[in-house]
file entry13.cif (mmCIF, N, CA and C atoms)
data_start
#
loop_
_atom_site.label_atom_id
_atom_site.label_comp_id
_atom_site.auth_asym_id
_atom_site.auth_seq_id
_atom_site.Cartn_x
_atom_site.Cartn_y
_atom_site.Cartn_z
N MET A 1 144.17 110.67 49.02
CA MET A 1 144.39 109.32 48.56
C MET A 1 145.88 109.01 48.69
N TYR A 2 146.19 107.84 49.22
CA TYR A 2 147.56 107.41 49.43
C TYR A 2 147.85 106.14 48.63
N CYS A 3 149.09 105.98 48.23
CA CYS A 3 149.52 104.75 47.57
C CYS A 3 149.65 103.67 48.64
N PRO A 4 149.06 102.50 48.44
CA PRO A 4 149.15 101.45 49.46
C PRO A 4 150.54 100.83 49.57
N GLN A 5 151.38 101.03 48.55
CA GLN A 5 152.69 100.41 48.57
C GLN A 5 153.78 101.34 49.11
N CYS A 6 153.84 102.57 48.59
CA CYS A 6 154.93 103.46 49.00
C CYS A 6 154.47 104.61 49.89
N GLY A 7 153.16 104.86 49.98
CA GLY A 7 152.63 105.88 50.88
C GLY A 7 152.59 107.29 50.30
N LYS A 8 152.91 107.49 49.04
CA LYS A 8 152.86 108.81 48.43
C LYS A 8 151.43 109.31 48.41
N GLU A 9 151.24 110.59 48.76
CA GLU A 9 149.90 111.18 48.81
C GLU A 9 149.55 111.84 47.48
N TYR A 10 148.29 111.66 47.04
CA TYR A 10 147.79 112.26 45.82
C TYR A 10 146.56 113.08 46.14
N ALA A 11 146.48 114.29 45.60
CA ALA A 11 145.32 115.15 45.82
C ALA A 11 144.17 114.72 44.92
N ASP A 12 144.47 114.32 43.69
CA ASP A 12 143.46 113.90 42.73
C ASP A 12 143.31 112.39 42.74
N ARG A 13 142.20 111.92 42.15
CA ARG A 13 141.98 110.48 42.02
C ARG A 13 142.84 109.96 40.87
N VAL A 14 143.70 108.99 41.16
CA VAL A 14 144.59 108.41 40.16
C VAL A 14 144.43 106.90 40.16
N ASN A 15 144.87 106.25 39.08
CA ASN A 15 144.77 104.80 38.97
C ASN A 15 146.06 104.10 39.38
N PHE A 16 147.20 104.72 39.11
CA PHE A 16 148.49 104.12 39.41
C PHE A 16 149.40 105.15 40.07
N CYS A 17 150.25 104.71 40.96
CA CYS A 17 151.22 105.56 41.62
C CYS A 17 152.33 105.90 40.63
N CYS A 18 152.67 107.20 40.51
CA CYS A 18 153.71 107.59 39.57
C CYS A 18 155.10 107.29 40.11
N GLN A 19 155.22 106.99 41.39
CA GLN A 19 156.51 106.71 41.99
C GLN A 19 156.86 105.22 41.94
N CYS A 20 155.91 104.36 42.33
CA CYS A 20 156.22 102.92 42.38
C CYS A 20 155.42 102.09 41.38
N GLY A 21 154.35 102.66 40.78
CA GLY A 21 153.57 101.94 39.79
C GLY A 21 152.47 101.06 40.35
N ALA A 22 152.22 101.11 41.64
CA ALA A 22 151.18 100.27 42.25
C ALA A 22 149.79 100.75 41.85
N ALA A 23 148.84 99.82 41.77
CA ALA A 23 147.46 100.14 41.44
C ALA A 23 146.80 100.83 42.62
N ILE A 24 146.05 101.90 42.33
CA ILE A 24 145.37 102.67 43.37
C ILE A 24 143.91 102.81 42.98
N GLY A 25 143.01 102.58 43.91
CA GLY A 25 141.60 102.87 43.70
C GLY A 25 140.89 101.90 42.79
N ALA A 26 140.20 102.41 41.75
CA ALA A 26 139.30 101.63 40.90
C ALA A 26 140.02 100.57 40.09
N SER A 27 141.27 100.78 39.74
CA SER A 27 141.96 99.80 38.90
C SER A 27 142.20 98.48 39.64
N SER A 28 142.30 98.52 40.96
CA SER A 28 142.50 97.28 41.70
C SER A 28 141.23 96.44 41.75
N SER A 29 140.03 97.09 41.73
CA SER A 29 138.79 96.32 41.75
C SER A 29 138.51 95.68 40.39
N ARG A 30 139.01 96.26 39.32
CA ARG A 30 138.81 95.68 37.99
C ARG A 30 139.58 94.38 37.85
N ALA A 31 140.70 94.25 38.51
CA ALA A 31 141.51 93.04 38.41
C ALA A 31 140.81 91.83 39.04
N ALA A 32 139.83 92.07 39.91
CA ALA A 32 139.17 90.98 40.61
C ALA A 32 138.06 90.33 39.78
N ARG A 33 137.70 90.92 38.63
CA ARG A 33 136.63 90.37 37.81
C ARG A 33 137.09 89.08 37.15
N LYS A 34 136.13 88.16 36.97
CA LYS A 34 136.42 86.88 36.33
C LYS A 34 135.48 86.66 35.16
N LEU A 35 135.92 85.86 34.21
CA LEU A 35 135.14 85.55 33.03
C LEU A 35 134.33 84.30 33.27
N TYR A 36 133.00 84.40 33.10
CA TYR A 36 132.08 83.28 33.31
C TYR A 36 131.15 83.16 32.12
N LEU A 37 130.50 82.00 32.00
CA LEU A 37 129.37 81.86 31.09
C LEU A 37 128.22 82.66 31.69
N SER A 38 127.49 83.38 30.86
CA SER A 38 126.40 84.22 31.36
C SER A 38 125.17 83.37 31.68
N ARG A 39 124.51 83.71 32.77
CA ARG A 39 123.22 83.09 33.09
C ARG A 39 122.08 83.92 32.54
N VAL A 40 122.32 85.21 32.29
CA VAL A 40 121.27 86.14 31.87
C VAL A 40 121.25 86.30 30.36
N ASN A 41 122.39 86.60 29.75
CA ASN A 41 122.49 86.85 28.31
C ASN A 41 122.90 85.58 27.59
N LYS A 42 122.02 84.60 27.58
CA LYS A 42 122.34 83.29 27.04
C LYS A 42 121.46 82.98 25.84
N LYS A 43 122.08 82.67 24.70
CA LYS A 43 121.35 82.21 23.52
C LYS A 43 121.60 80.73 23.30
N ILE A 44 122.87 80.34 23.25
CA ILE A 44 123.22 78.92 23.08
C ILE A 44 123.88 78.42 24.36
N GLY A 45 125.08 78.89 24.62
CA GLY A 45 125.80 78.43 25.79
C GLY A 45 126.15 79.53 26.78
N GLY A 46 125.95 80.79 26.42
CA GLY A 46 126.27 81.89 27.31
C GLY A 46 127.67 82.44 27.14
N VAL A 47 128.41 81.99 26.12
CA VAL A 47 129.79 82.43 25.92
C VAL A 47 129.83 83.90 25.53
N CYS A 48 129.09 84.29 24.50
CA CYS A 48 129.10 85.69 24.04
C CYS A 48 128.55 86.62 25.12
N GLY A 49 127.52 86.18 25.83
CA GLY A 49 126.98 86.97 26.92
C GLY A 49 127.99 87.15 28.04
N GLY A 50 128.76 86.11 28.33
CA GLY A 50 129.79 86.21 29.36
C GLY A 50 130.90 87.16 28.96
N PHE A 51 131.33 87.10 27.70
CA PHE A 51 132.34 88.04 27.22
C PHE A 51 131.80 89.47 27.24
N ALA A 52 130.53 89.65 26.88
CA ALA A 52 129.93 90.98 26.89
C ALA A 52 129.86 91.54 28.31
N GLU A 53 129.50 90.72 29.29
CA GLU A 53 129.46 91.18 30.67
C GLU A 53 130.85 91.51 31.18
N TYR A 54 131.83 90.71 30.82
CA TYR A 54 133.20 90.93 31.26
C TYR A 54 133.78 92.22 30.67
N LEU A 55 133.47 92.49 29.40
CA LEU A 55 134.02 93.65 28.70
C LEU A 55 133.09 94.87 28.77
N ASP A 56 131.95 94.76 29.46
CA ASP A 56 130.96 95.83 29.55
C ASP A 56 130.52 96.30 28.16
N LEU A 57 130.16 95.35 27.30
CA LEU A 57 129.68 95.64 25.96
C LEU A 57 128.27 95.08 25.78
N ASP A 58 127.64 95.48 24.69
CA ASP A 58 126.32 94.96 24.35
C ASP A 58 126.47 93.51 23.87
N PRO A 59 125.70 92.57 24.42
CA PRO A 59 125.82 91.17 24.01
C PRO A 59 125.56 90.94 22.52
N THR A 60 124.66 91.73 21.94
CA THR A 60 124.37 91.57 20.52
C THR A 60 125.59 91.93 19.67
N LEU A 61 126.31 92.94 20.07
CA LEU A 61 127.54 93.32 19.37
C LEU A 61 128.58 92.21 19.44
N VAL A 62 128.74 91.62 20.61
CA VAL A 62 129.71 90.53 20.76
C VAL A 62 129.29 89.33 19.91
N ARG A 63 128.00 89.01 19.89
CA ARG A 63 127.52 87.90 19.05
C ARG A 63 127.76 88.18 17.58
N LEU A 64 127.53 89.41 17.15
CA LEU A 64 127.74 89.78 15.76
C LEU A 64 129.20 89.64 15.36
N VAL A 65 130.11 90.11 16.21
CA VAL A 65 131.54 89.97 15.93
C VAL A 65 131.94 88.50 15.90
N TRP A 66 131.38 87.70 16.81
CA TRP A 66 131.72 86.28 16.86
C TRP A 66 131.24 85.54 15.60
N VAL A 67 130.04 85.87 15.13
CA VAL A 67 129.52 85.25 13.91
C VAL A 67 130.35 85.67 12.70
N MET A 68 130.72 86.93 12.64
CA MET A 68 131.56 87.40 11.53
C MET A 68 132.91 86.69 11.55
N ALA A 69 133.46 86.48 12.72
CA ALA A 69 134.73 85.75 12.83
C ALA A 69 134.55 84.29 12.39
N ALA A 70 133.41 83.71 12.72
CA ALA A 70 133.16 82.33 12.33
C ALA A 70 133.03 82.20 10.81
N ILE A 71 132.39 83.18 10.17
CA ILE A 71 132.18 83.12 8.73
C ILE A 71 133.44 83.46 7.95
N PHE A 72 134.09 84.56 8.31
CA PHE A 72 135.19 85.07 7.49
C PHE A 72 136.57 84.58 7.91
N VAL A 73 136.79 84.39 9.19
CA VAL A 73 138.11 83.98 9.66
C VAL A 73 138.18 82.48 9.87
N GLY A 74 137.10 81.89 10.36
CA GLY A 74 137.05 80.45 10.49
C GLY A 74 137.28 79.90 11.89
N TRP A 75 137.70 80.72 12.81
CA TRP A 75 137.99 80.21 14.16
C TRP A 75 136.83 80.41 15.12
N GLY A 76 135.77 81.07 14.74
CA GLY A 76 134.68 81.41 15.64
C GLY A 76 133.95 80.23 16.23
N VAL A 77 133.64 79.22 15.42
CA VAL A 77 132.90 78.05 15.92
C VAL A 77 133.76 77.23 16.87
N ILE A 78 134.99 76.99 16.49
CA ILE A 78 135.90 76.21 17.36
C ILE A 78 136.17 76.97 18.65
N GLY A 79 136.39 78.28 18.54
CA GLY A 79 136.63 79.09 19.74
C GLY A 79 135.44 79.10 20.67
N TYR A 80 134.23 79.15 20.09
CA TYR A 80 133.02 79.13 20.91
C TYR A 80 132.90 77.81 21.66
N LEU A 81 133.11 76.70 20.96
CA LEU A 81 133.01 75.38 21.59
C LEU A 81 134.04 75.21 22.70
N ILE A 82 135.26 75.66 22.46
CA ILE A 82 136.30 75.55 23.49
C ILE A 82 135.94 76.40 24.69
N ALA A 83 135.49 77.64 24.45
CA ALA A 83 135.11 78.52 25.57
C ALA A 83 133.92 77.95 26.33
N TRP A 84 132.97 77.33 25.62
CA TRP A 84 131.80 76.73 26.26
C TRP A 84 132.21 75.59 27.19
N LEU A 85 133.22 74.83 26.79
CA LEU A 85 133.69 73.72 27.61
C LEU A 85 134.54 74.18 28.79
N ILE A 86 135.33 75.23 28.61
CA ILE A 86 136.31 75.63 29.61
C ILE A 86 135.75 76.61 30.64
N LEU A 87 134.95 77.59 30.21
CA LEU A 87 134.48 78.63 31.13
C LEU A 87 133.49 78.06 32.14
N PRO A 88 133.63 78.44 33.41
CA PRO A 88 132.64 78.02 34.40
C PRO A 88 131.39 78.88 34.30
N GLU A 89 130.27 78.34 34.77
CA GLU A 89 129.03 79.11 34.76
C GLU A 89 129.07 80.13 35.88
N ALA A 90 128.47 81.28 35.65
CA ALA A 90 128.45 82.35 36.65
C ALA A 90 127.78 81.85 37.93
N PRO A 91 128.34 82.24 39.08
CA PRO A 91 127.72 81.81 40.33
C PRO A 91 126.37 82.49 40.53
N LEU A 92 125.49 81.82 41.26
CA LEU A 92 124.20 82.40 41.58
C LEU A 92 124.40 83.58 42.51
N ALA A 93 123.52 84.58 42.44
CA ALA A 93 123.68 85.80 43.21
C ALA A 93 123.66 85.54 44.72
N GLY A 94 122.76 84.73 45.22
CA GLY A 94 122.64 84.49 46.65
C GLY A 94 123.31 83.22 47.11
N TRP A 95 124.15 82.62 46.28
CA TRP A 95 124.72 81.32 46.59
C TRP A 95 125.62 81.35 47.82
N ALA A 96 126.45 82.37 47.98
CA ALA A 96 127.41 82.42 49.08
C ALA A 96 126.71 82.64 50.42
N SER A 97 125.56 83.30 50.43
CA SER A 97 124.89 83.59 51.69
C SER A 97 123.87 82.53 52.08
N ALA A 98 123.67 81.53 51.24
CA ALA A 98 122.69 80.48 51.55
C ALA A 98 123.22 79.57 52.66
N PRO A 99 122.35 79.11 53.53
CA PRO A 99 122.81 78.22 54.59
C PRO A 99 123.23 76.86 54.03
N ALA A 100 124.19 76.26 54.68
CA ALA A 100 124.69 74.96 54.23
C ALA A 100 123.65 73.88 54.50
N VAL A 101 123.42 73.03 53.53
CA VAL A 101 122.47 71.93 53.68
C VAL A 101 123.28 70.64 53.77
N PRO A 102 123.04 69.83 54.76
CA PRO A 102 123.81 68.59 54.86
C PRO A 102 123.53 67.68 53.68
N SER A 103 124.56 66.96 53.24
CA SER A 103 124.41 66.11 52.07
C SER A 103 123.66 64.82 52.39
N SER A 104 123.71 64.36 53.60
CA SER A 104 122.96 63.15 53.97
C SER A 104 121.96 63.52 55.07
N PRO A 105 120.84 62.85 55.10
CA PRO A 105 119.83 63.16 56.12
C PRO A 105 120.36 62.85 57.52
N GLN A 106 120.06 63.73 58.43
CA GLN A 106 120.48 63.54 59.81
C GLN A 106 119.41 62.76 60.56
N PRO A 107 119.81 61.78 61.36
CA PRO A 107 118.80 61.02 62.11
C PRO A 107 118.16 61.91 63.19
N SER A 108 116.87 61.75 63.33
CA SER A 108 116.18 62.53 64.34
C SER A 108 116.29 61.81 65.68
N PRO A 109 116.38 62.58 66.75
CA PRO A 109 116.47 61.93 68.06
C PRO A 109 115.15 61.22 68.40
N GLN A 110 115.28 60.01 68.92
CA GLN A 110 114.09 59.24 69.26
C GLN A 110 113.80 59.36 70.75
N HIS A 111 112.58 59.70 71.00
CA HIS A 111 112.18 59.80 72.39
C HIS A 111 111.32 58.59 72.74
N GLY A 112 111.61 57.93 73.76
CA GLY A 112 110.76 56.81 73.96
C GLY A 112 110.94 56.06 75.14
#

call {"tool": "encode", "arguments": {"input": "entry13.cif", "output": "structure tokens"}}
result
Amino acid sequence: MYCPQCGKEYADRVNFCCQCGAAIGASSSRAARKLYLSRVNKKIGGVCGGFAEYLDLDPTLVRLVWVMAAIFVGWGVIGYLIAWLILPEAPLAGWASAPAVPSSPQPSPQHG
């Protein structure tokens, strides 16, 4: 394994280069994850399910912590509403590979 920035070779699997600090291997793929509203783990708006998917946690645990924060701390309901408005919905699994459909009907050629 080599560092992509400075070229230092490592025999073992590492996350960061000890010479330049660049991300190596699995840590660079984690940075590409984005936070979305969940389509699968959805009870009300999908906020807790989205946080659970992003953090690799059980959705029920995230919901429980969120409800406890709403009851005892007071920011849970407002935070949920703000996250529901701001977070985009998760993209469909096959959306990127679907063929493009024209927005307006195309005229058919007339033979005559």

call {"tool": "residues_around", "arguments": {"input": "entry13.cif", "residues": "A:Val67", "least_positions_apart": "5", "cutoff": "9 Å", "atoms": "only C-alpha atoms", "output": "number ranges by chain"}}
result
A: 62, 72, 76-77

call {"tool": "atom_distance", "arguments": {"input": "entry13.cif", "atom1": "atom C of A:Ile82", "atom2": "atom CA of A:Leu57"}}
result
20.3 Å

call {"tool": "residues_near_point", "arguments": {"input": "entry13.cif", "point": "(125.2, 81.2, 28.4)", "cutoff": "12 Å", "atoms": "only C-alpha atoms", "output": "PDB file with N, CA and C atoms, in the coordinates of the input"}}
result
ATOM      1  N   LEU A  35     135.920  85.860  34.210  1.00  0.00           N
ATOM      2  CA  LEU A  35     135.140  85.550  33.030  1.00  0.00           C
ATOM      3  C   LEU A  35     134.330  84.300  33.270  1.00  0.00           C
ATOM      4  N   TYR A  36     133.000  84.400  33.100  1.00  0.00           N
ATOM      5  CA  TYR A  36     132.080  83.280  33.310  1.00  0.00           C
ATOM      6  C   TYR A  36     131.150  83.160  32.120  1.00  0.00           C
ATOM      7  N   LEU A  37     130.500  82.000  32.000  1.00  0.00           N
ATOM      8  CA  LEU A  37     129.370  81.860  31.090  1.00  0.00           C
ATOM      9  C   LEU A  37     128.220  82.660  31.690  1.00  0.00           C
ATOM     10  N   SER A  38     127.490  83.380  30.860  1.00  0.00           N
ATOM     11  CA  SER A  38     126.400  84.220  31.360  1.00  0.00           C
ATOM     12  C   SER A  38     125.170  83.370  31.680  1.00  0.00           C
ATOM     13  N   ARG A  39     124.510  83.710  32.770  1.00  0.00           N
ATOM     14  CA  ARG A  39     123.220  83.090  33.090  1.00  0.00           C
ATOM     15  C   ARG A  39     122.080  83.920  32.540  1.00  0.00           C
ATOM     16  N   VAL A  40     122.320  85.210  32.290  1.00  0.00           N
ATOM     17  CA  VAL A  40     121.270  86.140  31.870  1.00  0.00           C
ATOM     18  C   VAL A  40     121.250  86.300  30.360  1.00  0.00           C
ATOM     19  N   ASN A  41     122.390  86.600  29.750  1.00  0.00           N
ATOM     20  CA  ASN A  41     122.490  86.850  28.310  1.00  0.00           C
ATOM     21  C   ASN A  41     122.900  85.580  27.590  1.00  0.00           C
ATOM     22  N   LYS A  42     122.020  84.600  27.580  1.00  0.00           N
ATOM     23  CA  LYS A  42     122.340  83.290  27.040  1.00  0.00           C
ATOM     24  C   LYS A  42     121.460  82.980  25.840  1.00  0.00           C
ATOM     25  N   LYS A  43     122.080  82.670  24.700  1.00  0.00           N
ATOM     26  CA  LYS A  43     121.350  82.210  23.520  1.00  0.00           C
ATOM     27  C   LYS A  43     121.600  80.730  23.300  1.00  0.00           C
ATOM     28  N   ILE A  44     122.870  80.340  23.250  1.00  0.00           N
ATOM     29  CA  ILE A  44     123.220  78.920  23.080  1.00  0.00           C
ATOM     30  C   ILE A  44     123.880  78.420  24.360  1.00  0.00           C
ATOM     31  N   GLY A  45     125.080  78.890  24.620  1.00  0.00           N
ATOM     32  CA  GLY A  45     125.800  78.430  25.790  1.00  0.00           C
ATOM     33  C   GLY A  45     126.150  79.530  26.780  1.00  0.00           C
ATOM     34  N   GLY A  46     125.950  80.790  26.420  1.00  0.00           N
ATOM     35  CA  GLY A  46     126.270  81.890  27.310  1.00  0.00           C
ATOM     36  C   GLY A  46     127.670  82.440  27.140  1.00  0.00           C
ATOM     37  N   VAL A  47     128.410  81.990  26.120  1.00  0.00           N
ATOM     38  CA  VAL A  47     129.790  82.430  25.920  1.00  0.00           C
ATOM     39  C   VAL A  47     129.830  83.900  25.530  1.00  0.00           C
ATOM     40  N   CYS A  48     129.090  84.290  24.500  1.00  0.00           N
ATOM     41  CA  CYS A  48     129.100  85.690  24.040  1.00  0.00           C
ATOM     42  C   CYS A  48     128.550  86.620  25.120  1.00  0.00           C
ATOM     43  N   GLY A  49     127.520  86.180  25.830  1.00  0.00           N
ATOM     44  CA  GLY A  49     126.980  86.970  26.920  1.00  0.00           C
ATOM     45  C   GLY A  49     127.990  87.150  28.040  1.00  0.00           C
ATOM     46  N   GLY A  50     128.760  86.110  28.330  1.00  0.00           N
ATOM     47  CA  GLY A  50     129.790  86.210  29.360  1.00  0.00           C
ATOM     48  C   GLY A  50     130.900  87.160  28.960  1.00  0.00           C
ATOM     49  N   PHE A  51     131.330  87.100  27.700  1.00  0.00           N
ATOM     50  CA  PHE A  51     132.340  88.040  27.220  1.00  0.00           C
ATOM     51  C   PHE A  51     131.800  89.470  27.240  1.00  0.00           C
ATOM     52  N   ALA A  52     130.530  89.650  26.880  1.00  0.00           N
ATOM     53  CA  ALA A  52     129.930  90.980  26.890  1.00  0.00           C
ATOM     54  C   ALA A  52     129.860  91.540  28.310  1.00  0.00           C
ATOM     55  N   GLU A  53     129.500  90.720  29.290  1.00  0.00           N
ATOM     56  CA  GLU A  53     129.460  91.180  30.670  1.00  0.00           C
ATOM     57  C   GLU A  53     130.850  91.510  31.180  1.00  0.00           C
ATOM     58  N   PRO A  59     125.700  92.570  24.420  1.00  0.00           N
ATOM     59  CA  PRO A  59     125.820  91.170  24.010  1.00  0.00           C
ATOM     60  C   PRO A  59     125.560  90.940  22.520  1.00  0.00           C
ATOM     61  N   ARG A  63     128.000  89.010  19.890  1.00  0.00           N
ATOM     62  CA  ARG A  63     127.520  87.900  19.050  1.00  0.00           C
ATOM     63  C   ARG A  63     127.760  88.180  17.580  1.00  0.00           C
ATOM     64  N   TYR A  80     134.230  79.150  20.090  1.00  0.00           N
ATOM     65  CA  TYR A  80     133.020  79.130  20.910  1.00  0.00           C
ATOM     66  C   TYR A  80     132.900  77.810  21.660  1.00  0.00           C
ATOM     67  N   LEU A  81     133.110  76.700  20.960  1.00  0.00           N
ATOM     68  CA  LEU A  81     133.010  75.380  21.590  1.00  0.00           C
ATOM     69  C   LEU A  81     134.040  75.210  22.700  1.00  0.00           C
ATOM     70  N   ALA A  83     135.490  77.640  24.450  1.00  0.00           N
ATOM     71  CA  ALA A  83     135.110  78.520  25.570  1.00  0.00           C
ATOM     72  C   ALA A  83     133.920  77.950  26.330  1.00  0.00           C
ATOM     73  N   TRP A  84     132.970  77.330  25.620  1.00  0.00           N
ATOM     74  CA  TRP A  84     131.800  76.730  26.260  1.00  0.00           C
ATOM     75  C   TRP A  84     132.210  75.590  27.190  1.00  0.00           C
ATOM     76  N   LEU A  85     133.220  74.830  26.790  1.00  0.00           N
ATOM     77  CA  LEU A  85     133.690  73.720  27.610  1.00  0.00           C
ATOM     78  C   LEU A  85     134.540  74.180  28.790  1.00  0.00           C
ATOM     79  N   LEU A  87     134.950  77.590  30.210  1.00  0.00           N
ATOM     80  CA  LEU A  87     134.480  78.630  31.130  1.00  0.00           C
ATOM     81  C   LEU A  87     133.490  78.060  32.140  1.00  0.00           C
ATOM     82  N   PRO A  88     133.630  78.440  33.410  1.00  0.00           N
ATOM     83  CA  PRO A  88     132.640  78.020  34.400  1.00  0.00           C
ATOM     84  C   PRO A  88     131.390  78.880  34.300  1.00  0.00           C
ATOM     85  N   GLU A  89     130.270  78.340  34.770  1.00  0.00           N
ATOM     86  CA  GLU A  89     129.030  79.110  34.760  1.00  0.00           C
ATOM     87  C   GLU A  89     129.070  80.130  35.880  1.00  0.00           C
ATOM     88  N   ALA A  90     128.470  81.280  35.650  1.00  0.00           N
ATOM     89  CA  ALA A  90     128.450  82.350  36.650  1.00  0.00           C
ATOM     90  C   ALA A  90     127.780  81.850  37.930  1.00  0.00           C
TER      91      ALA A  90
END

call {"tool": "atom_distance", "arguments": {"input": "entry13.cif", "atom1": "atom N of A:Val73", "atom2": "atom C of A:Asp58"}}
result
20.1 Å

call {"tool": "atom_distance", "arguments": {"input": "entry13.cif", "atom1": "atom N of A:Ala93", "atom2": "atom C of A:Trp66"}}
result
27.9 Å
